[in-house]
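Enquirer: Data file target_29.txt (compact mmCIF, C-alpha atoms and all ligand atoms) is appended below.
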```txt
# COMPACT_ATOMS: atom_id res chain seq x y z
CA MET J 110 -16.48 -12.79 6.66
CA ARG J 111 -14.68 -10.05 4.73
CA HIS J 112 -10.91 -9.70 4.58
CA LEU J 113 -8.66 -7.19 2.82
CA LEU J 114 -5.44 -8.80 1.65
CA ASP J 115 -5.26 -6.80 -1.56
CA ILE J 116 -7.36 -4.27 -3.43
CA ASP J 117 -9.06 -6.89 -5.60
CA ASP J 118 -10.73 -8.32 -2.48
CA LEU J 119 -13.02 -5.30 -2.90
CA THR J 120 -15.47 -4.64 -5.71
CA ALA J 121 -15.03 -1.34 -7.55
CA ALA J 122 -18.18 -0.07 -5.78
CA GLU J 123 -16.78 -1.04 -2.36
CA LEU J 124 -13.49 0.71 -3.06
CA ALA J 125 -15.46 3.81 -4.12
CA GLU J 126 -17.41 3.61 -0.84
CA ILE J 127 -14.18 3.47 1.21
CA LEU J 128 -12.67 6.36 -0.77
CA ASP J 129 -15.79 8.41 -0.15
CA LEU J 130 -15.69 7.57 3.55
CA ALA J 131 -12.02 8.58 3.66
CA ALA J 132 -12.59 11.85 1.82
CA HIS J 133 -15.70 12.87 3.87
CA PRO J 134 -15.20 11.34 7.31
CA VAL J 135 -16.59 13.88 9.74
CA GLU J 136 -20.32 13.41 9.59
CA ARG J 137 -20.26 9.68 8.95
CA LEU J 138 -17.86 8.25 11.49
CA ALA J 139 -18.96 7.89 15.10
CA SER J 140 -17.33 5.57 17.65
CA PRO J 141 -18.27 2.10 16.43
CA LEU J 142 -15.31 0.50 18.21
CA ARG J 143 -16.05 1.84 21.71
CA GLY J 144 -14.85 -0.76 24.21
CA LYS J 145 -13.44 -2.97 21.45
CA GLY J 146 -9.95 -3.98 20.34
CA VAL J 147 -8.03 -4.28 17.09
CA ALA J 148 -4.94 -6.50 16.92
CA CYS J 149 -2.03 -4.85 15.08
CA TYR J 150 0.59 -7.51 14.28
CA PHE J 151 3.96 -6.40 12.87
CA GLU J 152 6.77 -8.65 11.62
CA LYS J 153 8.59 -5.66 10.09
CA PRO J 154 9.36 -2.09 11.10
CA SER J 155 6.88 0.68 10.34
CA ALA J 156 6.44 4.41 10.92
CA ARG J 157 3.40 5.41 8.83
CA THR J 158 1.44 2.17 8.89
CA ARG J 159 1.64 1.46 12.59
CA ASN J 160 0.86 5.01 13.64
CA SER J 161 -1.93 5.61 11.13
CA THR J 162 -3.55 2.27 11.96
CA GLU J 163 -3.36 2.72 15.71
CA MET J 164 -4.71 6.26 15.49
CA ALA J 165 -7.50 5.11 13.16
CA VAL J 166 -8.58 2.61 15.81
CA VAL J 167 -8.45 5.31 18.50
CA GLN J 168 -10.46 7.74 16.36
CA LEU J 169 -13.15 5.07 15.95
CA GLY J 170 -13.32 4.71 19.74
CA GLY J 171 -11.39 1.44 20.00
CA HIS J 172 -8.14 0.19 21.48
CA PRO J 173 -5.24 -1.00 19.29
CA VAL J 174 -2.96 -3.74 20.65
CA TYR J 175 0.50 -3.82 19.04
CA ILE J 176 1.88 -7.35 18.75
CA THR J 177 5.37 -8.38 17.63
CA ARG J 178 6.46 -11.42 15.65
CA GLU J 179 8.28 -12.87 18.67
CA GLU J 180 5.16 -12.73 20.83
CA LEU J 181 2.99 -14.76 18.48
CA GLY J 182 5.60 -17.10 17.02
CA ILE J 183 3.29 -18.07 14.17
CA GLY J 184 4.22 -21.50 12.87
CA HIS J 185 6.47 -22.54 15.75
CA ARG J 186 4.88 -21.40 19.01
CA GLU J 187 1.37 -21.81 17.64
CA SER J 188 -0.28 -22.40 14.25
CA ALA J 189 -1.61 -19.42 12.25
CA ASP J 190 -5.07 -20.89 12.59
CA ASP J 191 -4.89 -21.05 16.39
CA VAL J 192 -3.42 -17.53 16.56
CA ALA J 193 -6.29 -16.10 14.47
CA ARG J 194 -8.88 -17.92 16.59
CA THR J 195 -7.25 -16.64 19.76
CA LEU J 196 -7.15 -13.02 18.58
CA GLY J 197 -10.75 -13.40 17.43
CA CYS J 198 -11.74 -13.97 21.07
CA TYR J 199 -10.71 -10.40 21.96
CA HIS J 200 -10.61 -8.26 18.83
CA GLU J 201 -12.86 -7.00 16.04
CA ALA J 202 -10.14 -7.23 13.39
CA LEU J 203 -6.57 -8.35 12.84
CA PHE J 204 -4.32 -5.91 10.95
CA ALA J 205 -1.04 -7.57 10.00
CA ARG J 206 2.30 -6.68 8.36
CA VAL J 207 4.12 -9.84 7.32
CA TYR J 208 7.08 -11.02 5.27
CA GLU J 209 5.22 -13.77 3.43
CA HIS J 210 1.79 -13.10 2.01
CA ASP J 211 0.95 -16.74 2.65
CA ILE J 212 0.84 -16.03 6.41
CA LEU J 213 -2.09 -13.68 5.76
CA GLU J 214 -3.84 -16.39 3.75
CA LYS J 215 -3.38 -18.79 6.67
CA LEU J 216 -4.67 -16.27 9.22
CA LYS J 217 -7.64 -15.55 6.97
CA ALA J 218 -8.42 -19.25 6.50
CA SER J 219 -9.67 -19.66 10.06
CA ASN J 220 -12.40 -17.12 9.22
CA SER J 221 -12.58 -16.18 12.87
CA ILE J 222 -11.61 -12.51 12.52
CA PRO J 223 -11.41 -10.09 9.55
CA VAL J 224 -7.78 -9.86 8.40
CA VAL J 225 -6.35 -6.70 6.82
CA ASN J 226 -2.97 -6.60 5.08
CA LEU J 227 -0.67 -3.87 6.39
CA LEU J 228 1.98 -4.85 3.79
CA SER J 229 3.26 -8.21 2.67
CA ASP J 230 5.84 -9.14 0.05
CA GLN J 231 2.92 -9.08 -2.41
CA ALA J 232 0.64 -6.19 -1.55
CA HIS J 233 0.06 -2.94 0.33
CA PRO J 234 -3.65 -2.16 -0.09
CA LEU J 235 -4.10 0.60 2.52
CA GLN J 236 -1.20 2.46 0.91
CA ALA J 237 -2.99 2.22 -2.44
CA ILE J 238 -6.20 3.66 -0.97
CA ALA J 239 -4.22 6.59 0.48
CA ASP J 240 -2.53 7.04 -2.89
CA LEU J 241 -5.84 7.31 -4.75
CA LEU J 242 -7.01 9.91 -2.22
CA THR J 243 -3.81 11.87 -2.81
CA MET J 244 -4.08 11.72 -6.60
CA GLN J 245 -7.73 12.80 -6.43
CA SER J 246 -7.06 15.79 -4.19
CA GLU J 247 -3.83 16.88 -5.89
CA ARG J 248 -4.54 16.20 -9.58
CA GLY J 249 -8.25 15.37 -10.04
CA PRO J 250 -10.19 12.26 -11.13
CA VAL J 251 -7.80 9.31 -11.23
CA ASP J 252 -9.31 7.82 -14.40
CA GLU J 253 -8.23 10.95 -16.30
CA LEU J 254 -4.60 10.94 -15.15
CA ASN J 255 -1.41 9.85 -16.86
CA ILE J 256 0.21 7.94 -13.97
CA VAL J 257 3.77 6.67 -14.34
CA TYR J 258 5.33 4.36 -11.77
CA VAL J 259 9.14 4.32 -11.93
CA GLY J 260 11.25 1.50 -10.47
CA ASP J 261 10.47 -1.86 -8.90
CA CYS J 262 7.15 -3.50 -9.79
CA ASN J 263 6.75 -4.53 -6.15
CA ASN J 264 4.04 -4.83 -3.48
CA VAL J 265 3.26 -1.08 -3.60
CA ALA J 266 3.15 -0.97 -7.42
CA ARG J 267 0.95 -4.07 -7.61
CA SER J 268 -1.72 -2.79 -5.18
CA LEU J 269 -1.61 0.67 -6.75
CA ALA J 270 -2.17 -0.80 -10.21
CA LEU J 271 -5.19 -2.77 -8.95
CA ALA J 272 -6.60 0.34 -7.25
CA VAL J 273 -6.12 2.56 -10.30
CA ALA J 274 -7.77 -0.12 -12.43
CA ALA J 275 -10.73 -0.37 -10.05
CA VAL J 276 -11.54 3.33 -10.48
CA GLY J 277 -11.36 3.02 -14.27
CA GLY J 278 -7.84 4.41 -14.76
CA SER J 279 -4.61 3.06 -16.15
CA MET J 280 -0.90 3.57 -15.60
CA SER J 281 2.47 2.77 -17.10
CA PHE J 282 5.62 1.39 -15.55
CA ALA J 283 9.18 2.53 -16.21
CA ALA J 284 11.12 -0.48 -14.96
CA PRO J 285 14.18 -2.54 -15.91
CA SER J 286 13.08 -5.79 -17.55
CA ALA J 287 14.22 -7.92 -14.58
CA TYR J 288 11.98 -6.01 -12.19
CA ARG J 289 8.66 -6.05 -14.01
CA PHE J 290 5.41 -7.80 -13.07
CA SER J 291 4.99 -11.57 -13.32
CA GLU J 292 2.50 -13.02 -15.82
CA ASN J 293 0.17 -13.73 -12.92
CA ASP J 294 0.35 -10.07 -11.82
CA LEU J 295 -0.34 -8.91 -15.37
CA ASP J 296 -3.40 -11.16 -15.56
CA ARG J 297 -4.74 -9.72 -12.29
CA ILE J 298 -4.22 -6.14 -13.46
CA ARG J 299 -5.85 -6.90 -16.83
CA LEU J 300 -8.79 -8.50 -15.04
CA ALA J 301 -9.07 -5.42 -12.83
CA GLY J 302 -9.25 -3.18 -15.86
CA PHE J 303 -6.20 -2.13 -17.90
CA GLU J 304 -3.31 -3.43 -19.95
CA PRO J 305 -0.07 -2.42 -18.19
CA MET J 306 2.30 -0.53 -20.50
CA TYR J 307 6.06 -0.51 -19.95
CA ILE J 308 8.51 2.32 -20.57
CA ASP J 309 12.12 1.25 -21.12
CA ARG J 310 13.94 4.43 -20.06
CA THR J 311 13.08 7.35 -17.81
CA ASN J 312 13.86 9.90 -20.55
CA GLU J 313 10.86 8.48 -22.44
CA ILE J 314 8.48 9.64 -19.67
CA THR J 315 6.49 12.64 -20.89
CA ASP J 316 3.14 14.33 -20.12
CA ALA J 317 2.81 12.61 -16.74
CA ASP J 318 0.31 13.89 -14.18
CA VAL J 319 1.74 11.66 -11.46
CA VAL J 320 5.26 10.26 -11.13
CA TYR J 321 5.44 7.60 -8.40
CA THR J 322 8.36 5.62 -7.10
CA ASP J 323 9.27 3.30 -4.22
CA THR J 324 12.49 1.81 -2.88
CA TRP J 325 14.55 -0.54 -5.03
CA VAL J 326 15.26 -2.68 -1.94
CA SER J 327 12.12 -3.62 -0.06
CA MET J 328 12.12 -4.97 3.48
CA GLY J 329 13.32 -8.57 3.31
CA GLN J 330 15.42 -8.01 0.15
CA GLU J 331 18.48 -6.56 1.91
CA ASP J 332 20.73 -9.50 0.98
CA GLY J 333 20.34 -8.66 -2.72
CA ARG J 334 20.90 -4.94 -2.22
CA ALA J 335 24.08 -4.51 -4.32
CA GLU J 336 22.64 -6.41 -7.28
CA ARG J 337 19.38 -4.50 -7.12
CA LEU J 338 21.07 -1.09 -6.98
CA LYS J 339 23.02 -2.05 -10.10
CA GLY J 340 19.89 -3.34 -11.82
CA PHE J 341 18.04 -0.06 -11.28
CA GLU J 342 20.84 2.22 -12.52
CA GLY J 343 19.35 4.97 -14.67
CA PHE J 344 15.90 4.73 -13.06
CA GLN J 345 16.27 7.42 -10.40
CA VAL J 346 13.51 10.05 -10.32
CA ASP J 347 15.53 13.25 -10.57
CA GLU J 348 14.97 16.92 -11.29
CA ARG J 349 15.43 16.45 -15.03
CA LEU J 350 12.61 13.91 -15.15
CA MET J 351 10.33 16.13 -13.06
CA SER J 352 11.06 19.32 -14.99
CA ARG J 353 10.36 17.52 -18.28
CA ASN J 354 7.00 16.58 -16.66
CA ASP J 355 6.35 19.98 -15.12
CA ARG J 356 2.63 19.56 -14.36
CA ALA J 357 3.23 16.22 -12.60
CA VAL J 358 3.10 15.68 -8.86
CA PHE J 359 5.68 13.38 -7.32
CA MET J 360 4.58 10.59 -4.96
CA HIS J 361 6.43 8.03 -2.83
CA CYS J 362 4.93 5.73 -0.19
CA LEU J 363 8.06 6.28 2.01
CA PRO J 364 10.43 5.43 3.56
CA ALA J 365 12.57 6.96 0.80
CA HIS J 366 16.14 5.92 0.21
CA ARG J 367 17.37 9.39 -0.62
CA GLY J 368 19.84 9.44 -3.49
CA GLU J 369 18.80 5.97 -4.71
CA GLU J 370 15.33 5.78 -6.29
CA VAL J 371 14.81 9.54 -5.89
CA SER J 372 16.93 12.63 -5.36
CA ASP J 373 16.61 14.97 -2.37
CA GLU J 374 15.66 17.80 -4.76
CA VAL J 375 12.58 15.91 -5.97
CA LEU J 376 11.52 14.65 -2.53
CA ASP J 377 11.74 18.14 -1.08
CA GLY J 378 10.80 20.03 -4.24
CA LYS J 379 7.63 21.87 -5.22
CA GLN J 380 6.15 18.96 -7.17
CA SER J 381 6.42 16.59 -4.20
CA ARG J 382 3.22 15.53 -2.42
CA ILE J 383 4.81 12.96 -0.08
CA TRP J 384 3.50 14.54 3.13
CA VAL J 385 -0.08 14.80 1.86
CA GLN J 386 0.27 11.16 0.92
CA ALA J 387 1.62 10.18 4.36
CA ALA J 388 -1.21 12.09 6.08
CA ASN J 389 -3.76 10.32 3.89
CA ARG J 390 -2.68 6.99 5.38
CA LEU J 391 -4.73 7.84 8.47
CA HIS J 392 -7.85 8.67 6.45
CA ALA J 393 -7.45 5.48 4.42
CA ALA J 394 -6.93 3.26 7.48
CA ARG J 395 -9.88 4.77 9.36
CA ALA J 396 -12.20 4.46 6.36
CA ALA J 397 -11.18 0.87 5.60
CA LEU J 398 -11.63 -0.15 9.24
CA ALA J 399 -14.98 1.63 9.57
CA TRP J 400 -16.17 -0.02 6.36
CA LEU J 401 -14.96 -3.46 7.43
CA ILE J 402 -16.61 -3.49 10.83
CA ASP J 403 -19.82 -2.27 9.22
CA GLN J 404 -20.04 -5.39 7.06
CA PRO J 405 -22.80 -7.76 8.22
CA SER J 406 -20.40 -10.73 8.60
CA ALA J 407 -18.15 -8.73 10.96
CA GLN J 408 -21.00 -8.37 13.41
CA ALA J 409 -21.96 -12.05 13.44
N1 LIG J 501 4.47 3.58 3.56
C1 LIG J 501 4.61 2.77 4.62
O1 LIG J 501 3.98 1.71 4.70
O2 LIG J 501 5.48 3.22 5.56
P1 LIG J 501 5.95 2.40 6.86
O3 LIG J 501 6.75 1.23 6.38
O4 LIG J 501 6.76 3.37 7.66
O5 LIG J 501 4.72 1.93 7.58
N1 LIG J 502 8.18 -1.76 -1.00
C1 LIG J 502 8.50 -1.31 0.33
C2 LIG J 502 7.38 -0.50 0.86
C3 LIG J 502 7.59 0.05 2.25
C4 LIG J 502 6.41 0.82 2.74
C5 LIG J 502 8.79 -2.50 1.23
O1 LIG J 502 8.09 -3.53 1.12
O2 LIG J 502 9.71 -2.43 2.04
```
Would you mind giving the structure from this file in structure tokens?
Expert:
Amino acid sequence: MRHLLDIDDLTAAELAEILDLAAHPVERLASPLRGKGVACYFEKPSARTRNSTEMAVVQLGGHPVYITREELGIGHRESADDVARTLGCYHEALFARVYEHDILEKLKASNSIPVVNLLSDQAHPLQAIADLLTMQSERGPVDELNIVYVGDCNNVARSLALAVAAVGGSMSFAAPSAYRFSENDLDRIRLAGFEPMYIDRTNEITDADVVYTDTWVSMGQEDGRAERLKGFEGFQVDERLMSRNDRAVFMHCLPAHRGEEVSDEVLDGKQSRIWVQAANRLHAARAALAWLIDQPSAQA
């Protein structure tokens, strides 16, 4: 059975297939989920992910069922294994947004239903697929782009790095030393295809085609907010950075913390592609789901 907990669960060819399906959906997607359900489990808030996932299910002819953390009570009301087996009785797939990535591993272990990560503390693969689509449409082939990620080397950055690597590209990371990738992350990115390069200060960013950032305080990190804001001082994406990189597009997975990792002027400025990126979440979710349910093991 296939699962998608992070981008490196896919081969490069499979990722290319999903990207192609996302970019050219009309003639290839029918209603493979007619009369079928998809469980959408959320431990954290969401605007883009919940709505794009639910609408992807609807567009494939199926019925999404939104489930909260309290309802399932994984680990205290019922074990992750029993929850996955239960949902497997009714649904074709389980899409889940969790605090701890390990919960996804436990849900996946039952092998009773394909599990797709809708964001964990470690990864955000459907965001990365939407981001590749956006880079392709806005700036051209991703393997030819100078992509600079500014800020926290977090779940979004990690999945994006793996996705860029899988299509033969590379990227660099402007991040304070305390907020860079772990050795294990670096090994995964190297294995996927490139050696991550670090940039110490934002005024050293030049010739970028894409400037990408995400929040400095991810969901679940609120207690450390003051320390993190201090740690990221000097790493805001502002107009000076973008005008020095005048052919670059600006990307952000959203939600943005305006005035922290990015200024209003950049978010709302002419280089910003954040709404194309948000819209691409639907294409990415629909393509990934269509691909997943088309795998032989999903039909067993
Ligand atoms: N980018 C993203 O995942 O947004 P939400 O948290 O609103 O789903
Ligand atoms: N890194 C952010 C992404 C939100 C879509 C978080 O985990 O909160």
Enquirer: List the spatial neighbours of Arg337 (chain J) as a list in words - criterion: any atom at most 10 Å away, only C-alpha atoms, same-chain residues fewer than 6 positions off excluded.
Expert: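 Answer for this query is Asp261, Ala287, Tyr288, Trp325, Val326, Gln330 and Glu331 of chain J.
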Enquirer: 12 Å from ligand LIG 501 (chain J) is the threshold here; counting only C-alpha atoms and all ligand atoms, which polymer residues fall inside it? Answer as a ChimeraX atom specification.
Expert: /J:151-163,205-207,226-230,232-240,264-266,322-324,327-328,360-365,383-384,386-391,394
Enquirer: From (-8.1, -11.9, -7.8), in the file's coordinates, out to 9 Å: which residues are reached, counting only C-alpha atoms? Answer as a list of chain:residue names.
Expert: J:Asp115, J:Ile116, J:Asp117, J:Asp118, J:Arg297, J:Ile298, J:Leu300, J:Ala301
Enquirer: To one decimal in Å, tell me the separation between CA of Ala335 (chain J) and CA of Asn263 (chain J).
Expert: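 Going from CA of Ala335 (chain J) over to CA of Asn263 (chain J) covers 17.4 Å.
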Enquirer: Hey, what's within 10 Å of region 192-196 of chain J if we count all atoms listed in the file and toss same-chain stuff fewer than 6 positions away? As a list in words, please?
Expert: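 My reading of the contact set: Gly146, Val147, Ala148, Leu181, Gly182, Ile183, Gly184, Arg186, Ala202, Leu203, Leu213, Lys215, Leu216, Lys217, Ala218, Ser219, Asn220, Ser221, Ile222, Pro223 and Val224 of chain J.
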Enquirer: Write out as a PyMOL selection string the residues lying within 6 Å of region 167-170 of chain J, counting only C-alpha atoms and excluding same-chain residues fewer than 2 positions away.
Expert: chain J and resi 140-143+164-165+172
Enquirer: Quick check, in Å to one decimal: how far apart do CA of Ser372 (chain J) and CA of Asp347 (chain J) lie?
Expert: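 Going from CA of Ser372 (chain J) over to CA of Asp347 (chain J) covers 5.4 Å.
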Enquirer: Go ahead and compute the interatomic distance for CA of Val319 (chain J) and CA of Glu374 (chain J), in Å to one decimal.
Expert: 16.6 Å
Enquirer: Between J:Leu376, J:Cys262, J:Ala122, J:Ile314, single out the one closest to ligand LIG 502 (chain J), counting only C-alpha atoms and all ligand atoms.
Expert: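 Smallest separation from ligand LIG 502 (chain J) among the options: J:Cys262.
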Enquirer: Check the smallest atom-to-atom distance from each of J:Leu269, J:Ile402, J:Ile212, J:Ala121 to ligand LIG 502 (chain J) using all atoms listed in the file, then report the winner.
Expert: J:Leu269
Enquirer: Compare J:Glu209, J:Asp355, J:Asp377, J:Glu342 by their minimum atom-to-atom distance to ligand LIG 502 (chain J), counting all atoms listed in the file, and give me the closest one.
Expert: J:Glu209
Enquirer: Excluding Arg248 (chain J) and its own-chain neighbours fewer than 5 positions away, which residues fall within 9 Å of it when counting all atoms listed in the file? Please give them as a list in words.
Expert: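 Residues near the query, excluding close chain neighbours: Thr243, Leu254, Asp318, Val319, Ala357 and Val358 of chain J.
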Enquirer: With C-alpha atoms kept, could you save the residues just selected as a PDB file, in the coordinates of the input?
Expert:
```
ATOM      1  CA  THR J 243      -3.810  11.870  -2.810  1.00  0.00           C
ATOM      2  CA  LEU J 254      -4.600  10.940 -15.150  1.00  0.00           C
ATOM      3  CA  ASP J 318       0.310  13.890 -14.180  1.00  0.00           C
ATOM      4  CA  VAL J 319       1.740  11.660 -11.460  1.00  0.00           C
ATOM      5  CA  ALA J 357       3.230  16.220 -12.600  1.00  0.00           C
ATOM      6  CA  VAL J 358       3.100  15.680  -8.860  1.00  0.00           C
TER       7      VAL J 358
END
```
Enquirer: Taking all atoms listed in the file into account, which of J:Phe303, J:Asn255, J:Leu401, J:Gly144 comes nearest Leu119 (chain J)?
Expert: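 Of J:Phe303, J:Asn255, J:Leu401, J:Gly144, the one nearest Leu119 (chain J) is J:Leu401, counting all atoms listed in the file.
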